[in-house]
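**Student:** Below: one structure in structure tokens.
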Amino acid sequence: MQKLLAQAGFGSRREIEDWISGGRLVLNGRPAQLGNRATPRDKIELDGKPLVFEQASDETRVLMYHKPEGELVSRNDPKGRPTVFAHLPKIKGAKWMSIGRLDYNTSGLLLFTNSGELANGLMHPKFEVEREYAVRVFGGLTEEEVARLQSGIPLGDGPAAFGKVVPAGGEGANRWYKVTLKEGRNREVRRLMEALGKQVSRLMRLRYGSVVLPEDLRPGEWRELGAQEVAGLTAGFRA
């Protein structure tokens with residue numbers, strides 16, 4: 001069932017398994033269970049609302065989006081704040097799923113796909129898909145602090161470390177660094193810096209796997225990846 005819904009673009013397998021475990025999905029009038037088989041002809045409801053399957057293309061599509069600060073990676077916000085999905089083109093028979101997230105105050109590259117399997121593969125920690133960020137730190141970092149960030153720092157959900165920490169200029173007390181991670185834990189860049197008592201004044205994602213944010217893609221704009229770019233994005237793993 002989770003494979004069916006993921007392929008139709010309702011969410012990633014992991015999300016759908018959480019829906020099943022939480023009792024949010026109903027299959028033909030009964031609470032869905034992990035392991036249930038289903039087809040588009042079955043009656044499937046999420047939170048009491050029927051899921052409608054439309055005829056969709058089998059083509060895997062990926063969008064890159066330049067997220068500005070001040071947008072949520074959410075379909076709806078009770079406070080009425082702007083969301084990234086409001087800027088994306090409509091897609092027949094599916095929904096765009098974000099590949100990872102960016103915080104409200106973080107900008108930069110955000111990827112979307114119509115394939116739940118692709119989204120799950122690119123986000124899964126075991127595939128170690130590298131992300132690169134530009135982070136502006138008040139006061140800069142000493143050589144000792146850079147070494148600690150690369151060797152590992154304990155956080156509330158386990159130790160974490162940057163792969164690379166490269167100085168990238170700056171003015172006055174604010175210094176820029178380019179850093180890399182091979183996982184996507186919540187606020188991980190900020191939490192690593194905060195663990196050293198550092199204040200992050202700007203954070204921007206520059207790259208996700210093989211996809212680099214183009215310099216001419218302005219905040220709030222999107223661009224669809226070509227077939228070769230999609231193939232390059234998936235070359236390092238098997239979803």
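Ordering of the structure tokens sets the chain letters (A, B, ...), residue numbers begin anew at 1 in every chain, and ligands are numbered from 1 in the order given.
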Per residue of range 124-171 of chain A within 10 Å of range 104-111 of chain A, what are the shortest atom pair and its distance in Å to one decimal, counting only C-alpha atoms, with rows by chain and residue number, as a Markdown table?
**Tutor:**
```
| residue | atom | partner | partner_atom | distance |
| --- | --- | --- | --- | --- |
| A:Arg131 | CA | A:Leu109 | CA | 9.8 |
| A:Glu132 | CA | A:Leu109 | CA | 9.7 |
| A:Tyr133 | CA | A:Gly108 | CA | 8.5 |
| A:Ala134 | CA | A:Gly108 | CA | 9.2 |
| A:Val135 | CA | A:Thr106 | CA | 9.8 |
```
**Student:** Extract the full set of strand (DSSP E or B) residues from range 48-205 of chain A according to DSSP on the backbone, and format it as number ranges by chain.
**Tutor:** A: 49-50, 62-67, 72, 83, 97-99, 107-113, 131-138, 153-155, 158-160, 165-171, 174-181, 199-205
**Student:** Put those residues in a file: C-alpha atoms, as a PDB file, in the first residue's frame.
**Tutor:**
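Generated file (again24.pdb):
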```
ATOM      1  CA  LYS A  49     -10.891  12.170   3.032  1.00  0.00           C
ATOM      2  CA  PRO A  50     -10.741   9.860  -0.020  1.00  0.00           C
ATOM      3  CA  VAL A  62      12.520  16.808 -10.521  1.00  0.00           C
ATOM      4  CA  LEU A  63      12.343  20.548  -9.926  1.00  0.00           C
ATOM      5  CA  MET A  64      14.975  22.788  -8.380  1.00  0.00           C
ATOM      6  CA  TYR A  65      13.625  25.769  -6.458  1.00  0.00           C
ATOM      7  CA  HIS A  66      15.476  28.744  -4.981  1.00  0.00           C
ATOM      8  CA  LYS A  67      13.801  29.066  -1.606  1.00  0.00           C
ATOM      9  CA  LEU A  72       7.691  27.287   4.985  1.00  0.00           C
ATOM     10  CA  THR A  83       4.794  28.241   1.595  1.00  0.00           C
ATOM     11  CA  MET A  97       7.181  16.187  -2.734  1.00  0.00           C
ATOM     12  CA  SER A  98      10.081  18.066  -1.219  1.00  0.00           C
ATOM     13  CA  ILE A  99      13.374  16.192  -1.032  1.00  0.00           C
ATOM     14  CA  SER A 107      17.376  29.939   1.873  1.00  0.00           C
ATOM     15  CA  GLY A 108      18.809  28.157  -1.145  1.00  0.00           C
ATOM     16  CA  LEU A 109      18.382  24.989  -3.154  1.00  0.00           C
ATOM     17  CA  LEU A 110      15.297  22.871  -2.530  1.00  0.00           C
ATOM     18  CA  LEU A 111      14.445  19.889  -4.743  1.00  0.00           C
ATOM     19  CA  PHE A 112      10.974  18.524  -5.515  1.00  0.00           C
ATOM     20  CA  THR A 113       9.917  15.319  -7.283  1.00  0.00           C
ATOM     21  CA  ARG A 131      24.605  18.549   0.853  1.00  0.00           C
ATOM     22  CA  GLU A 132      26.660  21.757   0.710  1.00  0.00           C
ATOM     23  CA  TYR A 133      25.797  24.964   2.571  1.00  0.00           C
ATOM     24  CA  ALA A 134      27.120  28.489   2.871  1.00  0.00           C
ATOM     25  CA  VAL A 135      26.922  29.597   6.504  1.00  0.00           C
ATOM     26  CA  ARG A 136      27.746  33.017   7.922  1.00  0.00           C
ATOM     27  CA  VAL A 137      29.082  32.880  11.473  1.00  0.00           C
ATOM     28  CA  PHE A 138      29.449  35.858  13.787  1.00  0.00           C
ATOM     29  CA  ILE A 153      30.191  16.991  18.236  1.00  0.00           C
ATOM     30  CA  PRO A 154      27.490  15.308  20.340  1.00  0.00           C
ATOM     31  CA  LEU A 155      23.984  16.633  19.696  1.00  0.00           C
ATOM     32  CA  GLY A 158      23.577  11.665  18.387  1.00  0.00           C
ATOM     33  CA  PRO A 159      26.999  12.865  17.248  1.00  0.00           C
ATOM     34  CA  ALA A 160      27.316  14.906  14.051  1.00  0.00           C
ATOM     35  CA  VAL A 165      34.648  23.365   6.505  1.00  0.00           C
ATOM     36  CA  VAL A 166      36.179  25.841   4.036  1.00  0.00           C
ATOM     37  CA  PRO A 167      36.584  29.607   4.714  1.00  0.00           C
ATOM     38  CA  ALA A 168      34.693  31.676   2.117  1.00  0.00           C
ATOM     39  CA  GLY A 169      35.418  35.284   3.039  1.00  0.00           C
ATOM     40  CA  GLY A 170      33.266  37.837   4.801  1.00  0.00           C
ATOM     41  CA  GLU A 171      33.261  41.361   6.162  1.00  0.00           C
ATOM     42  CA  ASN A 174      30.821  38.030  10.030  1.00  0.00           C
ATOM     43  CA  ARG A 175      32.715  35.219   8.314  1.00  0.00           C
ATOM     44  CA  TRP A 176      31.389  32.877   5.619  1.00  0.00           C
ATOM     45  CA  TYR A 177      32.189  29.143   5.417  1.00  0.00           C
ATOM     46  CA  LYS A 178      31.207  26.400   2.989  1.00  0.00           C
ATOM     47  CA  VAL A 179      30.326  23.193   4.840  1.00  0.00           C
ATOM     48  CA  THR A 180      29.137  19.745   3.757  1.00  0.00           C
ATOM     49  CA  LEU A 181      26.919  17.107   5.378  1.00  0.00           C
ATOM     50  CA  GLN A 199      25.738  32.576  16.191  1.00  0.00           C
ATOM     51  CA  VAL A 200      24.587  31.805  12.621  1.00  0.00           C
ATOM     52  CA  SER A 201      23.406  34.975  10.904  1.00  0.00           C
ATOM     53  CA  ARG A 202      22.773  33.495   7.431  1.00  0.00           C
ATOM     54  CA  LEU A 203      22.394  29.976   6.060  1.00  0.00           C
ATOM     55  CA  MET A 204      21.971  28.932   2.436  1.00  0.00           C
ATOM     56  CA  ARG A 205      22.009  25.529   0.736  1.00  0.00           C
TER      57      ARG A 205
END
```
**Student:** Would you kindly return, as a PyMOL selection string, each protein, DNA or RNA residue with an atom no farther than 10 Å from any atom of Arg13 in chain A, considering only C-alpha atoms and excluding same-chain residues fewer than 2 positions away?
**Tutor:** chain A and resi 1-7+10-11+15-19+116-117+119-121
**Student:** Write out, as a PDB file, in the first residue's frame, the residues just selected, with C-alpha atoms.
**Tutor:**
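The resulting part08.pdb:
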```
ATOM      1  CA  MET A   1       0.000   0.000   0.000  1.00  0.00           C
ATOM      2  CA  GLN A   2       2.762   2.421   0.895  1.00  0.00           C
ATOM      3  CA  LYS A   3       4.473   1.710  -2.445  1.00  0.00           C
ATOM      4  CA  LEU A   4       1.239   2.425  -4.328  1.00  0.00           C
ATOM      5  CA  LEU A   5       0.671   5.749  -2.561  1.00  0.00           C
ATOM      6  CA  ALA A   6       4.323   6.792  -2.875  1.00  0.00           C
ATOM      7  CA  GLN A   7       4.357   6.114  -6.614  1.00  0.00           C
ATOM      8  CA  PHE A  10       0.945  11.280  -2.008  1.00  0.00           C
ATOM      9  CA  GLY A  11       4.122  11.103   0.088  1.00  0.00           C
ATOM     10  CA  GLU A  15       5.659   9.244   5.652  1.00  0.00           C
ATOM     11  CA  ILE A  16       2.958   6.814   4.540  1.00  0.00           C
ATOM     12  CA  GLU A  17       4.140   4.140   6.968  1.00  0.00           C
ATOM     13  CA  ASP A  18       3.833   6.747   9.725  1.00  0.00           C
ATOM     14  CA  TRP A  19       0.276   7.498   8.572  1.00  0.00           C
ATOM     15  CA  GLY A 116       8.110   8.992  -3.599  1.00  0.00           C
ATOM     16  CA  GLU A 117      10.771   6.350  -4.183  1.00  0.00           C
ATOM     17  CA  ALA A 119      12.491  11.298  -2.545  1.00  0.00           C
ATOM     18  CA  ASN A 120      12.979   8.518  -0.009  1.00  0.00           C
ATOM     19  CA  GLY A 121      16.253   7.392  -1.600  1.00  0.00           C
TER      20      GLY A 121
END
```
**Student:** Name all residues at most 8 Å from Ile44 in chain A (count only C-alpha atoms; drop same-chain ones fewer than 3 positions away) and give them as number ranges by chain.
**Tutor:** A: 25-28, 50-51
**Student:** I need the residue nearest Gly100 in chain A from this list: A:Gly23, A:Pro31, A:Gly184, A:Gly226. Use only C-alpha atoms for the distance.
**Tutor:**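 For Gly100 in chain A, the nearest of the given residues is A:Gly184.
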**Student:** Show which residues sit within 9 Å of Leu122 in chain A, as a PyMOL selection string. Count only C-alpha atoms, and ignore same-chain residues fewer than 3 positions away.
**Tutor:** chain A and resi 99-100+117-119+125+127-129+209+233-234+237+239
**Student:** Would you work out the distance separating CA of Pro68 in chain A from CA of Pro219 in chain A, expressed in Å to one decimal?
**Tutor:**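 That distance, rounded to one decimal, is 5.1 Å.
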**Student:** Which is closer to Val212 in chain A than all the others in A:Glu130, A:Lys43, A:Gly163, A:Asp157, using only C-alpha atoms?
**Tutor:**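 Closest residue, counting only C-alpha atoms: A:Glu130.
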**Student:** Quick one: distance from CA of Ile20 in chain A to CA of Arg75 in chain A in Å, one decimal?
**Tutor:**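 Those two atoms sit 20.2 Å apart.
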**Student:** Excluding Arg41 in chain A and residues on its chain fewer than 3 positions from it, collect all residues at most 10 Å away from it, counting only C-alpha atoms, and give them as a PyMOL selection string.
**Tutor:** chain A and resi 38+44+52-53
**Student:** Next, dump the selected residues to file, keeping only N, CA and C atoms, as a PDB file, in the first residue's frame.
**Tutor:**
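Dumped everything to result.pdb:
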```pdb
ATOM      1  N   ALA A  38      -2.918  -3.014  -1.965  1.00  0.00           N
ATOM      2  CA  ALA A  38      -3.962  -2.128  -2.461  1.00  0.00           C
ATOM      3  C   ALA A  38      -3.701  -1.782  -3.916  1.00  0.00           C
ATOM      4  N   ILE A  44      -9.442   4.269  -0.491  1.00  0.00           N
ATOM      5  CA  ILE A  44      -8.424   4.617   0.495  1.00  0.00           C
ATOM      6  C   ILE A  44      -8.697   6.032   0.988  1.00  0.00           C
ATOM      7  N   VAL A  52      -7.724  10.392  -4.343  1.00  0.00           N
ATOM      8  CA  VAL A  52      -8.143  10.239  -5.735  1.00  0.00           C
ATOM      9  C   VAL A  52      -6.912   9.979  -6.597  1.00  0.00           C
ATOM     10  N   PHE A  53      -6.929   8.857  -7.300  1.00  0.00           N
ATOM     11  CA  PHE A  53      -5.837   8.512  -8.210  1.00  0.00           C
ATOM     12  C   PHE A  53      -6.181   9.003  -9.605  1.00  0.00           C
TER      13      PHE A  53
END
```
**Student:** Find the spatial neighbours of Phe162 in chain A, counting only C-alpha atoms, within a cut-off of 9 Å - ignore same-chain residues fewer than 6 positions away - and output them as a PyMOL selection string.
**Tutor:** chain A and resi 149-152+179-182+189+192
**Student:** Atoms to include: C-alpha atoms. Write the selected residues as a PDB file, in the first residue's frame.
**Tutor:**
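Ended up saving to result.pdb:
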```
ATOM      1  CA  LEU A 149      33.296  20.416  13.769  1.00  0.00           C
ATOM      2  CA  GLN A 150      34.942  17.880  11.469  1.00  0.00           C
ATOM      3  CA  SER A 151      35.795  15.290  14.124  1.00  0.00           C
ATOM      4  CA  GLY A 152      32.291  15.228  15.616  1.00  0.00           C
ATOM      5  CA  VAL A 179      30.326  23.193   4.840  1.00  0.00           C
ATOM      6  CA  THR A 180      29.137  19.745   3.757  1.00  0.00           C
ATOM      7  CA  LEU A 181      26.919  17.107   5.378  1.00  0.00           C
ATOM      8  CA  LYS A 182      25.859  13.613   4.295  1.00  0.00           C
ATOM      9  CA  VAL A 189      24.120  23.070  10.556  1.00  0.00           C
ATOM     10  CA  LEU A 192      26.539  22.202  15.258  1.00  0.00           C
TER      11      LEU A 192
END
```
**Student:** What's the separation between CA of Val73 in chain A and CA of Leu102 in chain A, in Å to one decimal place?
**Tutor:**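 Rounded to one decimal, the two atoms are 6.7 Å apart.
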**Student:** Go through A:Ala8, A:Leu225, A:Ala235, A:Val211 and flag the residue nearest Trp96 in chain A, using only C-alpha atoms for the distances.
**Tutor:**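 Closest to Trp96 in chain A, using only C-alpha atoms: A:Ala8.
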**Student:** Counting only C-alpha atoms, figure out which residue out of A:His124, A:Arg185, A:Arg190, A:Arg24 gets nearest to Glu45 in chain A.
**Tutor:**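 With only C-alpha atoms as the atom set, the closest residue is A:Arg24.
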**Student:** Please return, as number ranges by chain, all residues of range 76-120 of chain A that DSSP assigns to alpha helix (DSSP H) on the basis of the backbone.
**Tutor:** A: 116-120
**Student:** Would you export the selected residues with N, CA and C atoms as a CSV table (one decimal), in the first residue's frame, please?
**Tutor:**
```csv
chain,number,residue,atom,x,y,z
A,116,GLY,N,7.9,9.3,-5.0
A,116,GLY,CA,8.1,9.0,-3.6
A,116,GLY,C,9.3,8.1,-3.4
A,117,GLU,N,9.6,7.2,-4.3
A,117,GLU,CA,10.8,6.3,-4.2
A,117,GLU,C,12.1,7.2,-4.3
A,118,LEU,N,12.1,8.1,-5.3
A,118,LEU,CA,13.2,8.9,-5.4
A,118,LEU,C,13.5,9.8,-4.2
A,119,ALA,N,12.4,10.4,-3.7
A,119,ALA,CA,12.5,11.3,-2.5
A,119,ALA,C,13.0,10.5,-1.4
A,120,ASN,N,12.5,9.3,-1.1
A,120,ASN,CA,13.0,8.5,0.0
A,120,ASN,C,14.5,8.1,-0.2
```
